[in-house]
>>> print(open('structure10.txt').read())   # compact mmCIF, C-alpha atoms and all ligand atoms
# COMPACT_ATOMS: atom_id res chain seq x y z
CA MET A 1 35.08 -1.11 67.87
CA LYS A 2 35.55 -1.13 71.69
CA LYS A 3 35.58 -4.75 72.77
CA ILE A 4 33.10 -5.88 75.40
CA PRO A 5 34.87 -7.82 78.20
CA ILE A 6 33.22 -11.21 78.72
CA ILE A 7 33.49 -14.28 80.94
CA ILE A 8 31.98 -17.63 79.98
CA ASP A 9 31.09 -20.00 82.81
CA CYS A 10 30.58 -23.39 81.23
CA ASP A 11 30.61 -27.18 81.40
CA PRO A 12 32.37 -28.13 78.15
CA GLY A 13 30.56 -29.92 76.50
CA VAL A 14 30.20 -29.93 72.75
CA ASP A 15 27.89 -26.93 72.51
CA ASP A 16 29.93 -25.10 75.16
CA SER A 17 32.93 -25.63 72.88
CA TYR A 18 31.10 -24.04 69.96
CA ALA A 19 30.12 -21.15 72.25
CA LEU A 20 33.74 -20.56 73.28
CA ALA A 21 34.93 -20.78 69.68
CA LEU A 22 32.22 -18.40 68.54
CA ALA A 23 32.97 -15.84 71.25
CA ASN A 24 36.68 -16.06 70.44
CA SER A 25 36.01 -15.44 66.75
CA TYR A 26 33.91 -12.29 67.37
CA GLU A 27 35.88 -9.01 67.16
CA GLY A 28 33.44 -7.33 69.56
CA PHE A 29 34.34 -9.54 72.53
CA GLU A 30 37.42 -9.84 74.72
CA ILE A 31 37.32 -13.12 76.65
CA LEU A 32 38.74 -12.36 80.11
CA ALA A 33 38.14 -15.82 81.55
CA ILE A 34 36.68 -19.26 80.98
CA THR A 35 35.38 -20.81 84.20
CA ALA A 36 34.45 -24.48 84.55
CA VAL A 37 31.58 -26.04 86.48
CA GLU A 38 30.28 -29.60 86.88
CA GLY A 39 27.64 -30.47 84.30
CA ASN A 40 27.70 -32.35 81.01
CA VAL A 41 30.59 -34.35 82.35
CA PRO A 42 32.25 -34.39 85.79
CA ALA A 43 34.19 -31.29 86.87
CA ALA A 44 37.56 -32.99 86.37
CA ILE A 45 36.72 -33.28 82.66
CA THR A 46 35.06 -29.88 82.21
CA ARG A 47 38.15 -28.36 83.85
CA LYS A 48 40.56 -30.18 81.53
CA ASN A 49 38.44 -29.26 78.51
CA ALA A 50 38.38 -25.59 79.52
CA LEU A 51 42.19 -25.56 79.68
CA CYS A 52 42.54 -27.48 76.42
CA ILE A 53 40.01 -25.40 74.47
CA ARG A 54 41.84 -22.24 75.55
CA GLU A 55 45.07 -23.64 74.09
CA GLU A 56 43.50 -25.24 71.01
CA LEU A 57 41.81 -22.00 70.00
CA GLY A 58 44.64 -19.74 71.16
CA ILE A 59 42.48 -17.76 73.58
CA ASN A 60 44.54 -15.44 75.77
CA CYS A 61 42.47 -15.59 78.95
CA ARG A 62 42.30 -16.90 82.52
CA VAL A 63 40.85 -20.34 83.23
CA GLY A 64 39.22 -20.82 86.59
CA PHE A 65 38.13 -24.05 88.21
CA GLY A 66 34.74 -23.87 89.92
CA ALA A 67 32.35 -26.15 91.72
CA GLU A 68 32.64 -29.92 91.47
CA LYS A 69 29.09 -30.58 92.63
CA PRO A 70 25.75 -28.78 93.01
CA LEU A 71 24.97 -26.74 96.15
CA LYS A 72 22.65 -29.36 97.66
CA LYS A 73 21.59 -31.94 95.07
CA ALA A 74 23.79 -34.98 94.42
CA TYR A 75 25.66 -34.76 91.12
CA ASN A 76 25.02 -37.90 89.17
CA GLN A 77 24.90 -36.87 85.57
CA PHE A 78 27.05 -38.07 82.76
CA ALA A 79 25.92 -36.84 79.35
CA ALA A 80 28.13 -39.09 77.25
CA ASN A 81 25.31 -39.63 74.81
CA THR A 82 25.32 -35.99 73.71
CA HIS A 83 28.88 -34.98 74.45
CA GLY A 84 30.92 -38.19 74.30
CA GLN A 85 33.03 -39.63 77.10
CA SER A 86 35.57 -36.80 76.78
CA GLY A 87 32.87 -34.13 76.78
CA VAL A 88 34.08 -32.86 73.39
CA GLY A 89 32.66 -35.54 71.12
CA SER A 90 35.29 -37.64 69.42
CA PHE A 91 38.04 -35.01 69.67
CA VAL A 92 41.12 -35.97 71.65
CA PHE A 93 43.12 -33.17 73.25
CA ASP A 94 46.79 -33.31 74.11
CA GLN A 95 47.51 -32.71 77.79
CA PRO A 96 47.19 -28.97 78.45
CA GLU A 97 50.46 -27.11 78.98
CA MET A 98 49.03 -24.01 80.62
CA LYS A 99 47.88 -24.12 84.24
CA PRO A 100 44.58 -22.81 85.61
CA ASP A 101 44.31 -19.61 87.61
CA GLU A 102 45.06 -19.95 91.31
CA MET A 103 41.76 -18.28 92.21
CA PRO A 104 38.52 -20.29 92.09
CA ALA A 105 35.96 -19.45 89.39
CA TRP A 106 33.72 -17.32 91.60
CA GLU A 107 36.60 -15.13 92.78
CA ILE A 108 37.81 -14.60 89.20
CA ILE A 109 34.29 -13.61 88.14
CA TYR A 110 34.03 -11.11 91.01
CA GLU A 111 37.55 -9.73 90.58
CA GLU A 112 36.96 -9.06 86.88
CA ALA A 113 33.48 -7.62 87.57
CA VAL A 114 35.03 -5.10 89.97
CA LYS A 115 37.90 -4.33 87.58
CA HIS A 116 35.49 -3.81 84.66
CA LYS A 117 32.68 -2.23 86.68
CA GLY A 118 29.55 -1.83 84.56
CA GLU A 119 31.18 -3.32 81.46
CA LEU A 120 31.42 -7.09 82.05
CA LEU A 121 29.08 -9.34 80.05
CA LEU A 122 28.82 -12.60 82.00
CA PHE A 123 27.64 -15.76 80.23
CA ALA A 124 26.67 -18.90 82.13
CA VAL A 125 26.02 -21.86 79.85
CA GLY A 126 26.21 -24.68 82.39
CA PRO A 127 24.65 -25.31 85.80
CA LEU A 128 24.59 -22.09 87.85
CA THR A 129 26.57 -23.37 90.85
CA ASN A 130 29.54 -21.02 90.37
CA ILE A 131 27.29 -18.01 89.90
CA ALA A 132 25.32 -18.82 93.06
CA ILE A 133 28.52 -19.20 95.07
CA CYS A 134 29.78 -15.88 93.73
CA LEU A 135 26.51 -14.24 94.77
CA GLU A 136 26.72 -15.76 98.26
CA LYS A 137 30.26 -14.43 98.74
CA HIS A 138 29.79 -11.14 96.88
CA PRO A 139 26.12 -9.94 97.04
CA ASP A 140 27.01 -6.80 95.06
CA LEU A 141 27.88 -8.81 91.93
CA PRO A 142 24.62 -7.92 90.10
CA GLN A 143 25.30 -4.19 90.36
CA LEU A 144 28.76 -4.62 88.83
CA LEU A 145 27.72 -6.39 85.63
CA LYS A 146 26.77 -4.90 82.27
CA LYS A 147 24.59 -7.96 81.49
CA PHE A 148 24.09 -11.57 82.56
CA VAL A 149 23.07 -14.09 79.88
CA ILE A 150 22.44 -17.79 80.44
CA MET A 151 21.72 -20.83 78.35
CA GLY A 152 19.20 -22.63 80.49
CA GLY A 153 15.57 -23.22 81.23
CA GLY A 154 12.92 -22.55 78.65
CA THR A 155 9.23 -23.15 78.03
CA PHE A 156 9.94 -26.90 78.04
CA GLY A 157 12.62 -29.26 79.34
CA ASN A 158 14.96 -32.02 78.20
CA VAL A 159 15.49 -34.07 81.36
CA SER A 160 13.70 -37.41 81.27
CA ALA A 161 13.77 -37.73 85.06
CA THR A 162 11.38 -34.77 85.29
CA ASN A 163 9.19 -35.91 82.39
CA ARG A 164 11.02 -33.25 80.40
CA THR A 165 9.69 -30.32 82.37
CA ALA A 166 13.19 -29.24 83.46
CA GLU A 167 16.18 -28.22 81.34
CA PHE A 168 19.52 -29.84 82.14
CA ASN A 169 21.51 -26.83 83.41
CA ILE A 170 18.77 -25.81 85.82
CA TRP A 171 18.00 -29.40 86.84
CA ILE A 172 21.60 -30.25 87.78
CA ASP A 173 21.56 -27.45 90.37
CA PRO A 174 18.03 -26.08 90.92
CA HIS A 175 18.95 -24.51 94.28
CA ALA A 176 21.72 -22.48 92.69
CA ALA A 177 19.43 -21.54 89.82
CA ARG A 178 16.71 -20.32 92.17
CA GLN A 179 19.15 -18.05 94.00
CA VAL A 180 20.48 -16.69 90.71
CA PHE A 181 17.05 -15.99 89.24
CA GLU A 182 15.93 -14.27 92.44
CA LYS A 183 19.03 -12.07 92.73
CA MET A 184 20.14 -11.37 89.15
CA ASP A 185 18.66 -9.70 86.08
CA VAL A 186 18.70 -12.81 83.89
CA TRP A 187 18.62 -12.93 80.09
CA MET A 188 17.47 -16.52 79.58
CA VAL A 189 18.14 -18.35 76.32
CA GLY A 190 16.19 -21.54 76.84
CA LEU A 191 15.40 -24.72 74.98
CA ASN A 192 12.41 -23.24 73.15
CA ALA A 193 14.83 -20.80 71.47
CA THR A 194 17.74 -23.18 70.94
CA HIS A 195 15.56 -25.82 69.31
CA ALA A 196 13.89 -23.21 67.11
CA ALA A 197 17.39 -22.20 65.97
CA ALA A 198 18.61 -25.78 65.43
CA VAL A 199 20.87 -26.07 62.42
CA GLU A 200 20.26 -28.47 59.53
CA MET A 201 22.52 -31.42 58.64
CA SER A 202 23.45 -29.48 55.51
CA ASP A 203 24.67 -26.67 57.75
CA PHE A 204 27.05 -29.09 59.42
CA ASP A 205 28.23 -30.14 55.94
CA ASP A 206 28.84 -26.50 55.05
CA MET A 207 30.67 -25.89 58.34
CA MET A 208 32.96 -28.85 57.75
CA ALA A 209 33.62 -27.82 54.16
CA ILE A 210 34.46 -24.25 55.20
CA CYS A 211 36.85 -25.52 57.88
CA GLY A 212 38.55 -27.68 55.26
CA ASP A 213 41.76 -29.27 56.52
CA ASN A 214 43.10 -26.14 58.17
CA LYS A 215 44.77 -27.15 61.46
CA LYS A 216 43.38 -24.15 63.34
CA ALA A 217 39.88 -25.22 62.29
CA ARG A 218 40.28 -28.91 63.07
CA PHE A 219 38.50 -28.69 66.45
CA ILE A 220 35.42 -27.06 64.89
CA ARG A 221 35.47 -29.54 62.00
CA GLU A 222 35.62 -32.48 64.41
CA LEU A 223 32.85 -31.04 66.61
CA SER A 224 30.67 -30.65 63.51
CA ALA A 225 31.41 -34.17 62.29
CA PHE A 226 30.57 -35.60 65.72
CA SER A 227 27.44 -33.47 66.02
CA LYS A 228 26.10 -34.52 62.61
CA TYR A 229 26.93 -38.21 63.22
CA ASN A 230 25.24 -38.12 66.63
CA CYS A 231 22.10 -36.59 65.14
CA VAL A 232 21.89 -38.95 62.17
CA GLU A 233 23.01 -42.20 63.81
CA ASN A 234 21.79 -41.72 67.39
CA GLY A 235 18.91 -39.26 67.06
CA SER A 236 20.57 -36.76 69.38
CA ASP A 237 19.78 -33.03 69.41
CA ASN A 238 23.36 -31.88 68.83
CA ASN A 239 22.00 -29.68 66.04
CA ALA A 240 20.44 -27.51 68.74
CA ILE A 241 23.71 -25.71 69.48
CA HIS A 242 22.33 -24.35 72.73
CA ASP A 243 25.26 -22.46 74.23
CA ALA A 244 26.37 -20.90 70.96
CA LEU A 245 22.93 -19.32 70.54
CA ALA A 246 23.32 -17.60 73.89
CA VAL A 247 26.60 -16.07 72.67
CA ALA A 248 25.17 -15.22 69.24
CA SER A 249 22.24 -13.41 70.90
CA GLN A 250 24.74 -10.82 72.18
CA MET A 251 26.72 -10.55 68.93
CA ASP A 252 23.70 -9.62 66.85
CA GLU A 253 20.63 -8.66 68.83
CA THR A 254 18.36 -9.47 65.88
CA VAL A 255 19.15 -13.20 66.19
CA VAL A 256 17.11 -13.70 69.35
CA THR A 257 14.03 -11.74 70.47
CA PHE A 258 13.41 -11.58 74.22
CA GLU A 259 10.18 -10.99 76.12
CA ASN A 260 10.00 -9.72 79.71
CA LEU A 261 8.22 -12.46 81.64
CA ASN A 262 7.94 -13.78 85.18
CA VAL A 263 10.10 -16.87 85.73
CA ARG A 264 10.29 -18.98 88.87
CA VAL A 265 12.69 -21.88 89.36
CA GLU A 266 11.14 -24.96 90.97
CA ASP A 267 13.66 -26.22 93.52
CA GLY A 268 11.34 -28.29 95.70
CA ASP A 269 11.63 -32.06 96.02
CA CYS A 270 8.96 -32.70 93.40
CA GLU A 271 8.42 -34.22 89.96
CA ASN A 272 9.21 -31.01 88.08
CA ILE A 273 12.25 -29.95 90.11
CA GLY A 274 14.41 -27.66 87.95
CA GLN A 275 11.55 -26.38 85.82
CA THR A 276 11.59 -22.69 84.90
CA VAL A 277 7.94 -21.88 85.48
CA ILE A 278 6.79 -18.96 83.32
CA ASP A 279 3.74 -17.03 84.59
CA ARG A 280 2.31 -14.38 82.26
CA GLU A 281 0.01 -13.14 85.02
CA LYS A 282 2.83 -12.07 87.33
CA GLU A 283 5.22 -9.10 87.28
CA PRO A 284 8.07 -9.75 84.81
CA ASN A 285 11.45 -10.46 86.40
CA CYS A 286 13.39 -12.02 83.53
CA HIS A 287 14.17 -11.53 79.84
CA VAL A 288 13.11 -14.74 78.07
CA ALA A 289 14.21 -15.70 74.54
CA MET A 290 11.00 -16.31 72.67
CA ALA A 291 11.81 -15.92 68.95
CA VAL A 292 14.90 -16.57 66.83
CA ASP A 293 16.24 -15.94 63.33
CA LYS A 294 17.33 -19.49 62.46
CA ALA A 295 18.99 -18.55 59.16
CA LYS A 296 21.00 -15.74 60.76
CA PHE A 297 22.24 -18.09 63.46
CA ALA A 298 23.35 -20.69 60.91
CA GLU A 299 25.23 -17.98 59.01
CA ILE A 300 26.91 -16.81 62.21
CA MET A 301 28.11 -20.37 62.79
CA LYS A 302 29.48 -20.57 59.24
CA ASN A 303 31.24 -17.19 59.63
CA MET A 304 32.85 -18.62 62.75
CA CYS A 305 34.20 -21.49 60.61
CA ARG A 306 35.53 -18.98 58.07
CA TYR A 307 37.38 -17.20 60.88
CA TYR A 308 39.29 -20.33 61.87
CA ALA A 309 39.79 -21.55 58.30
CA GLU A 310 41.60 -18.30 57.52
CA LYS A 311 43.83 -18.34 60.65
O1 LIG B 401 20.20 -28.30 78.10
C1 LIG B 401 21.29 -27.90 77.32
C2 LIG B 401 22.38 -27.35 78.19
O2 LIG B 401 22.85 -28.36 79.09
C3 LIG B 401 23.63 -26.93 77.40
O3 LIG B 401 24.29 -25.89 78.06
C4 LIG B 401 24.49 -28.17 77.41
O4 LIG B 401 25.88 -27.87 77.24
C5 LIG B 401 24.22 -28.66 78.80
O5 LIG B 401 25.08 -27.97 79.70
CA CA B 402 26.65 -26.16 78.63
>>> encode(input="structure10.txt", output="structure tokens")
Amino acid sequence: MKKIPIIIDCDPGVDDSYALALANSYEGFEILAITAVEGNVPAAITRKNALCIREELGINCRVGFGAEKPLKKAYNQFAANTHGQSGVGSFVFDQPEMKPDEMPAWEIIYEEAVKHKGELLLFAVGPLTNIAICLEKHPDLPQLLKKFVIMGGGTFGNVSATNRTAEFNIWIDPHAARQVFEKMDVWMVGLNATHAAAVEMSDFDDMMAICGDNKKARFIRELSAFSKYNCVENGSDNNAIHDALAVASQMDETVVTFENLNVRVEDGDCENIGQTVIDREKEPNCHVAMAVDKAKFAEIMKNMCRYYAEK
């Protein structure tokens, strides 16, 4: 099987960590780079986590540091409730040995897009700041990509400040998101899909059991233990493994069904800033995840655990 070259722009993040682990376990992908952006936790932490996850999972790829704050909006988010203070639940990484790439995230993305013209599958599972900066510096980026898939947006939101009309990734940097949606052919895996694909507590039990006490699987086991605990004890939605569903949607195209719809990003200074407004009356401009195969996704997550348990 010819591997598809991919880059994952992310804000690790518990579900970002699952997404990276899943992509790394899939024989059809070659991870060229992991790029970090501000988001779930401040950029200093997402950057460290990107470096550490690369080493923990043994991923042979570049790590690029990206934006530390949104294009215009102040960055004031700290999602410790969902991701823990470290951004990776209760897991504690050693200090990373490997250094990041000298180029910033947006230049790595562009350089690899040129090198792999027409073949690069770009995932963005955090705020879209790095992607917007790349577009500003390199307007021909869209023509170079095979496909561009995001975890973000949806038919509803999860940000209390907007009365839950906006989804976190879009809300953190709505100005970047608007530019990206207007300039790119976006495959949007939003909250309506990720919540429909939410795993059960018993799935977390299975994932932990499959990982066993294998050292290579310890990170996944710890993520699963934290995720289950956070759901049961704190009522969090860690069982909606948002970013991993975006990756899974490209591993097996029967997991997520997309509809071509018109999507506009609200970036005005208003109550619903960051909302992805879907209008069925207008010309479609986006591929929106609208249906999922929940059981298939859970099995994909368990197969990922089997991959690491057998390393
Ligand atoms: O709203 C969920 C998204 O925001 C996920 O990508 C999560 O990691 C956070 O970045
Ligand atoms: Ca994320």
>>> residues_near_ligand(input="structure10.txt", ligand="ligand LIG 401 (chain B)", cutoff="6 Å", atoms="all atoms listed in the file", output="list in words")
Asp11, Gly13, Asp15, Asp16, Gly39, Asn40, Val125, Gly126, Met151, Glu167, Phe168, Asn169, His242 and Asp243 of chain A
>>> atom_distance(input="structure10.txt", atom1="CA of Leu51 in chain A", atom2="CA of Ala19 in chain A")
14.8 Å
>>> residues_near_ligand(input="structure10.txt", ligand="ligand CA 402 (chain B)", cutoff="12 Å", atoms="only C-alpha atoms and all ligand atoms", output="number ranges by chain")
A: 8-20, 35-41, 46, 50, 79, 82-83, 87-88, 123-128, 150-153, 167-170, 172, 189-191, 238, 240-247
>>> atom_distance(input="structure10.txt", atom1="CA of Ile273 in chain A", atom2="CA of Trp171 in chain A")
6.6 Å
>>> closest_residue(input="structure10.txt", among="A:Gly154, A:Glu200, A:Leu145, A:Ala33", to="Met103 in chain A", atoms="only C-alpha atoms")
A:Ala33
>>> build_atoms(input="structure10.txt", residues="range 171-185 of chain A", atoms="N, CA and C atoms", output="tab-separated table (two decimals), keeping the file's coordinate frame")
chain	number	residue	atom	x	y	z
A	171	TRP	N	18.28	-28.16	86.09
A	171	TRP	CA	18.00	-29.40	86.84
A	171	TRP	C	19.21	-29.89	87.61
A	172	ILE	N	20.40	-29.78	87.08
A	172	ILE	CA	21.60	-30.25	87.78
A	172	ILE	C	21.73	-29.51	89.11
A	173	ASP	N	21.45	-28.19	89.11
A	173	ASP	CA	21.56	-27.45	90.37
A	173	ASP	C	20.41	-26.46	90.52
A	174	PRO	N	19.22	-26.95	90.83
A	174	PRO	CA	18.03	-26.08	90.92
A	174	PRO	C	18.11	-25.06	92.06
A	175	HIS	N	18.83	-25.42	93.14
A	175	HIS	CA	18.95	-24.51	94.28
A	175	HIS	C	19.82	-23.31	93.92
A	176	ALA	N	20.89	-23.59	93.18
A	176	ALA	CA	21.72	-22.48	92.69
A	176	ALA	C	20.92	-21.62	91.73
A	177	ALA	N	20.20	-22.28	90.83
A	177	ALA	CA	19.43	-21.54	89.82
A	177	ALA	C	18.39	-20.64	90.47
A	178	ARG	N	17.74	-21.16	91.52
A	178	ARG	CA	16.71	-20.32	92.17
A	178	ARG	C	17.34	-19.06	92.76
A	179	GLN	N	18.47	-19.22	93.42
A	179	GLN	CA	19.15	-18.05	94.00
A	179	GLN	C	19.52	-17.05	92.90
A	180	VAL	N	20.03	-17.57	91.80
A	180	VAL	CA	20.48	-16.69	90.71
A	180	VAL	C	19.30	-15.95	90.10
A	181	PHE	N	18.21	-16.66	89.84
A	181	PHE	CA	17.05	-15.99	89.24
A	181	PHE	C	16.44	-14.96	90.17
A	182	GLU	N	16.53	-15.21	91.48
A	182	GLU	CA	15.93	-14.27	92.44
A	182	GLU	C	16.82	-13.04	92.67
A	183	LYS	N	18.11	-13.18	92.40
A	183	LYS	CA	19.03	-12.07	92.73
A	183	LYS	C	19.60	-11.35	91.51
A	184	MET	N	19.49	-11.95	90.34
A	184	MET	CA	20.14	-11.37	89.15
A	184	MET	C	19.10	-10.98	88.11
A	185	ASP	N	19.49	-10.05	87.25
A	185	ASP	CA	18.66	-9.70	86.08
A	185	ASP	C	19.08	-10.65	84.96
